[in-house]
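Structure first, commentary second.
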Amino acid sequence: MSTKQTLSFQAEVAQLLHLVTHSLYSNQEIFLRELISNASDACDKLRFEGLNNSALFEDAPNLEVRVSFDKAAKTLTITDNGIGMSQQEAIDHLGTIAKSGTKDFMGKLSGDQKQDAQLIGQFGVGFYSGFIVADKITVESRRAGLKAQEGVRWISGGTGDFEVETITRAQRGTSIILHLRDDAEEYLNAWKLKQVIAKYSDHISLPILMEKEEWKDGELINPSDENGGRQPGGMVKTGEWETINKASALWTRPKKDITEEQYADFYKAISHDHEAPLTWAHNRVEGNTEYTQLLYIPAKAPFDLWNRDKKAGVKLYVKRVFIMDDAEALMPTYLRFVKGVIDSADLPLNVSRELLQESRDVRSIREGSTKRVLSMLEDLAKHDKHDTAAGADGVTDVVDADDKAKEGKYTAFYSEFGAVLKEGLGEDFGNRERLAKLLRFASTTSDSVTVGFADYKARMKEGQEAIYYITADTLAAAKNSPQLEVFKKKGIEVLLMTDRVDEWALNYLHEFDGTPLQSVAKGAVDLGKLQDEAEKKAAEEAAEAFKPVLAKLKEALKDKAEDVRVTTRLVDSPACLVVQDDGMSTQLARMLKQAGQQAPETKPVLEVNAEHALVKKLDGSVHFHDLAHILFDQALLAEGGLPEDPAAYVKRVNALLA
Ligand code: ADP
């Protein structure tokens with residue numbers, strides 16, 4: 001049967017192909033990594049399905065990848081004997097992109113080749129990268145378990161469409177035949193191929209084979225050059241295949257035998273990241289359950305970090321057999337940026353996702369791995385030079401070279417992943433205290449996000465009983481917030497929180513190491529012992545004298561303000577808005593509304609500075625009503641909000657100006 005059909009690529013694929021061929025040619029060689037990685041995945045899948053159905057192995061139980069080339073035909077072929085594809089699978093998998101978020105991905109491409117290459121790797125458009133070096137790709141495949149006559153041939157020039165037809169293929173698995181472009185002929189060279197494969201695929205636990213070549217006349221001319229000094233053109237294939245990679249799972253080797261570079265290369269291969277990781281931990285854990293963990297913390301956040309449903313980076317192996325990429329079960333969601341491998345010696349090979357959720361062993365692996373990641377972060381934090389708490393005893397530690405290399409890494413980590421880490425406060429109660437110690441903020445004494453709660457506590461004023469903080473949309477808004485005035489005047493440090501998750505996360509943290517956390521924008525100010533008797537008395541007197549005006553203000557603003565009261569928190573500003581102690585901050589309420597969510601309709605409290613000239617003017621003013629509303633609207637503006645009726649506000653101000 002030779003029914004050839006021509007089909008069109010899904011629109012997104014066509015668009016992607018255009019991008020791949022036009023933006024990645026400067027980083028050609030990644031195609032080999034991507035195709036070998038697909039071949040390796042296909043073998044993993046066969047091994048996994050074969051657990052329940054050993055017939056799938058047919059008569060070839062040894063899984064492998066073969067790389068070969070044909071100089072005359074200008075083709076490079078990558079063949080695996082993995083799971084293979086049926087005709088329908090070839091149409092579906094090579095003609096469409098099933099993943100959601102494709103649009104999102106396209107939007108992220110910057111036109112900067114280096115960056116885009118990295119993104120494409122992360123997104124996993126692996127197969128299409130073949131078109132970087134080929135102007136035509138032929139795929140021949142047969143799914144394990146199907147008859148030889150049920151093979152498929154897929155051909156495309158990488159533009160609008162592709163062709164499929166049924167073929168007979170004795171061997172199960174897939175051959176990717178790349179018809180190389182003229183500018184990619186360097187890949188028709190065994191030495192070049194071996195070099196690229198060593199760079200990207202050494203850790204692949206699957207053997208990668210190439211056919212041995214021999215020199216026909218073998219005359220040595222210059223032993224130091226890459227051809228061993230022989231005249232080119234004299235190589236012939238021997239028909240004998242040799243394994244060209246190490247083919248041992250990196251994490252199973254002893255630590256002392258693995259170089260930093262090998263650790264970094266392995267990371268790059270499993271993460272598709274171009275950058276080396278920030279740090280890693282490789283351990284064999286023995287105890288109730290036995291497993292090996294190799295966990296990495298990346299240097300840069302991936303483009304889809306904010307997608308909480310994203311696949312986590314930790315792969316599960318059982319006795320070296322790949323089982324699955326899984327999020328939930330092996331790592332908590334707030335550590336979804338961690339990449340690596342966990343290889344269990346105890347789990348059954350046919351473990352399912354459902355079983356994983358319930359397994360006691362998995363729970364203990366997850367707890368152990370979570371603690372391991374927190375220790376890695378604590379170690380980085382300890383060696384970050386900003387971390388003054390570590391040196392609070394006044395002793396300067398002797399710094400060795402290893403410590404030196406960790407300097408500044410925690411700050412770097414935190415700027416990429418700090419906001420995700422905060423989610424842990426609400427997600428992982430057991431580790432809340434350890435997490436709280438790892439948090440960093442800007443403050444009124446530090447613009448950089450490097451102040452931990454412990455640093456703050458060490459600097460607290462005599463008599464200060466709370467850790468003060470403010471949440472705002474931006475650092476500038478936080479710094480200039482009127483609520484800070486009295487704290488600035490008294491030289492009390494206030495933490496400035498500007499991440500969207502801060503407010504939510506702080507719901508789960510009421511104190512740090514015995515000291516309560518207090519928002520300066522919530523409830524009445526109580527500076528406690530920080531306020532002296534004279535100040536207290538003056539404030540009480542001012543409030544008393546102001547009472548009649550206050551009553552009028554409340555009446556004038558009763559639709560906008562829950563209450564109006566006199567405050568001591570202001571120095572230069574006439575008024576500010578605060579929320580009741582248990583209320584939701586105005587920023588959070590605003591954020592929820594912008595996101596189209598329900599926010600409780602609570603009215604803020606207007607606090608006025610009875611000693612401010614503008615406020616003093618209120619008493620007996622003919623413009624009382626307008627002034628009262630201006631006071632309220634300005635307080636709203638000062639914290640980044642908008643008056644309910646901006647036009648009315650402008651009118652009132654203009655009337656006064658005129
Ligand atoms: P990804 O590997 O990230 O899913 P690719 O574009 O590289 O994306 O591949 C798309 C799909 O094509 C794969 O998910 C897989 O189902 C199929 N595929 C690719 N290469 C092979 C192969 N060598 N053997 C079997 N299936 C393959």
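As shown in the structure tokens, the chain order sets the letters A, B, ...; within each chain, residues go from 1, and ligands are also counted from 1 in the order they appear.
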
Find the residues near Val152 (chain A): any atom within 12 Å, counting only C-alpha atoms, skip ones fewer than 3 places away on the same chain, and give them as number ranges by chain.
-> A: 1-5, 84-91, 138-143, 146-149, 155, 163-176

Just the residues within 12 Å of region 632-636 of chain A, please, counting only C-alpha atoms, with nothing from its chain fewer than 5 positions along; format it as number ranges by chain.
-> A: 477, 481-483, 553-554, 556-564, 570, 573-578, 586-587, 590, 603-609, 615, 625-627, 641-650, 652-653

To check your reading of the model: which residues sit at most 8 Å from ligand 1 when counting only C-alpha atoms and all ligand atoms? Write the answer as a short mmCIF file (atom, residue, chain, number, x, y, z; two decimals) with C-alpha atoms, in the first residue's frame.
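Output (result_15.cif):
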data_model
loop_
_atom_site.label_atom_id
_atom_site.label_comp_id
_atom_site.auth_asym_id
_atom_site.auth_seq_id
_atom_site.Cartn_x
_atom_site.Cartn_y
_atom_site.Cartn_z
CA GLU A 34 17.92 17.74 20.59
CA LEU A 35 17.63 14.75 18.28
CA ILE A 36 19.70 12.49 20.50
CA SER A 37 17.66 13.60 23.47
CA ASN A 38 14.46 12.64 21.58
CA ALA A 39 15.98 9.27 20.72
CA SER A 40 16.87 8.74 24.35
CA ASP A 41 13.32 9.69 25.44
CA ALA A 42 11.94 7.20 22.93
CA CYS A 43 14.09 4.45 24.46
CA THR A 79 18.51 5.97 14.47
CA ASP A 80 17.06 4.69 17.71
CA GLY A 82 12.99 2.99 21.03
CA ILE A 83 9.22 3.14 21.07
CA GLY A 84 8.85 4.48 17.49
CA MET A 85 5.77 6.14 16.01
CA GLU A 89 1.57 9.55 15.87
CA ALA A 90 3.99 10.86 13.26
CA HIS A 93 3.66 14.63 16.97
CA LEU A 94 5.63 16.04 14.08
CA ILE A 97 2.50 21.31 18.85
CA PHE A 123 10.23 24.93 25.20
CA GLY A 124 11.32 21.66 23.71
CA VAL A 125 10.77 22.21 20.00
CA GLY A 126 13.58 19.76 19.71
CA PHE A 127 12.67 17.89 16.55
CA TYR A 128 12.26 21.02 14.46
CA SER A 141 9.60 4.88 11.97
CA GLY A 173 12.08 2.66 16.36
CA THR A 174 12.91 5.76 14.41
CA SER A 175 15.46 7.02 11.89
CA ILE A 176 15.80 10.76 11.41
#

Long-range neighbours of region 233-247 of chain A as a list in words, 6 Å cut-off, only C-alpha atoms, 3 positions minimum in chain |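 After dropping sequence-adjacent residues, the list is Asp202, Ile204, Ser205, Leu206, Pro207, Ile208, Leu209, Met210, Glu211, Lys212, Glu213, Glu214, Trp215 and Lys216 of chain A.
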
Would you write out those residues with C-alpha atoms, as an mmCIF file, in the first residue's frame?
data_model
loop_
_atom_site.group_PDB
_atom_site.id
_atom_site.type_symbol
_atom_site.label_atom_id
_atom_site.label_comp_id
_atom_site.auth_asym_id
_atom_site.auth_seq_id
_atom_site.Cartn_x
_atom_site.Cartn_y
_atom_site.Cartn_z
ATOM 1 C CA ASP A 202 28.021 12.143 27.433
ATOM 2 C CA ILE A 204 23.053 9.956 28.307
ATOM 3 C CA SER A 205 22.880 6.534 29.859
ATOM 4 C CA LEU A 206 22.078 5.015 26.507
ATOM 5 C CA PRO A 207 24.962 3.897 24.269
ATOM 6 C CA ILE A 208 25.495 6.092 21.239
ATOM 7 C CA LEU A 209 27.232 4.195 18.449
ATOM 8 C CA MET A 210 29.119 5.222 15.350
ATOM 9 C CA GLU A 211 30.627 3.083 12.674
ATOM 10 C CA LYS A 212 34.374 2.723 12.964
ATOM 11 C CA GLU A 213 36.421 4.176 10.168
ATOM 12 C CA GLU A 214 39.867 3.187 9.025
ATOM 13 C CA TRP A 215 42.559 4.757 6.886
ATOM 14 C CA LYS A 216 42.929 2.974 3.616
#

Nearest to Ser68 (chain A) by atom-to-atom distance, counting only C-alpha atoms, from A:Thr411, A:Tyr291, A:Gln597, A:Ala190 = A:Ala190

Check which residues of region 385-499 of chain A sit at most 12 Å from region 329-348 of chain A using only C-alpha atoms, and return one row each with the closest pair of atoms and their distance in Å to one decimal, ordered by chain and rising number, as a tab-separated table.
residue	atom	partner	partner_atom	distance
A:Phe413	CA	A:Phe337	CA	10.9
A:Glu416	CA	A:Phe337	CA	9.9
A:Phe417	CA	A:Phe337	CA	7.8
A:Gly418	CA	A:Tyr334	CA	10.0
A:Ala419	CA	A:Tyr334	CA	9.3
A:Val420	CA	A:Tyr334	CA	5.6
A:Leu421	CA	A:Tyr334	CA	5.6
A:Lys422	CA	A:Tyr334	CA	7.7
A:Glu423	CA	A:Tyr334	CA	5.7
A:Gly424	CA	A:Tyr334	CA	5.4
A:Leu425	CA	A:Tyr334	CA	9.2
A:Gly426	CA	A:Tyr334	CA	9.6
A:Glu427	CA	A:Tyr334	CA	7.6
A:Asp428	CA	A:Pro332	CA	7.9
A:Phe429	CA	A:Pro332	CA	11.7
A:Asn431	CA	A:Pro332	CA	11.4
A:Leu435	CA	A:Tyr334	CA	10.9

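When only C-alpha atoms are used to measure the gap to Ile470 (chain A), the shortest distance among A:Asp265, A:Glu58, A:Glu275, A:Glu639 belongs to A:Glu639.
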
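DSSP, applied to the backbone of this structure, assigns strand (DSSP E) to the following residues of region 489-643 of chain A: Leu495, Leu496, Met497, Glu511, Phe512, Thr515, Pro516, Leu517, Gln518, Ser519, Asp563, Val564, Arg565, Val566, Ala575, Cys576, Leu577, Val578, Val605, Leu606, Glu607 and Val608 of chain A.
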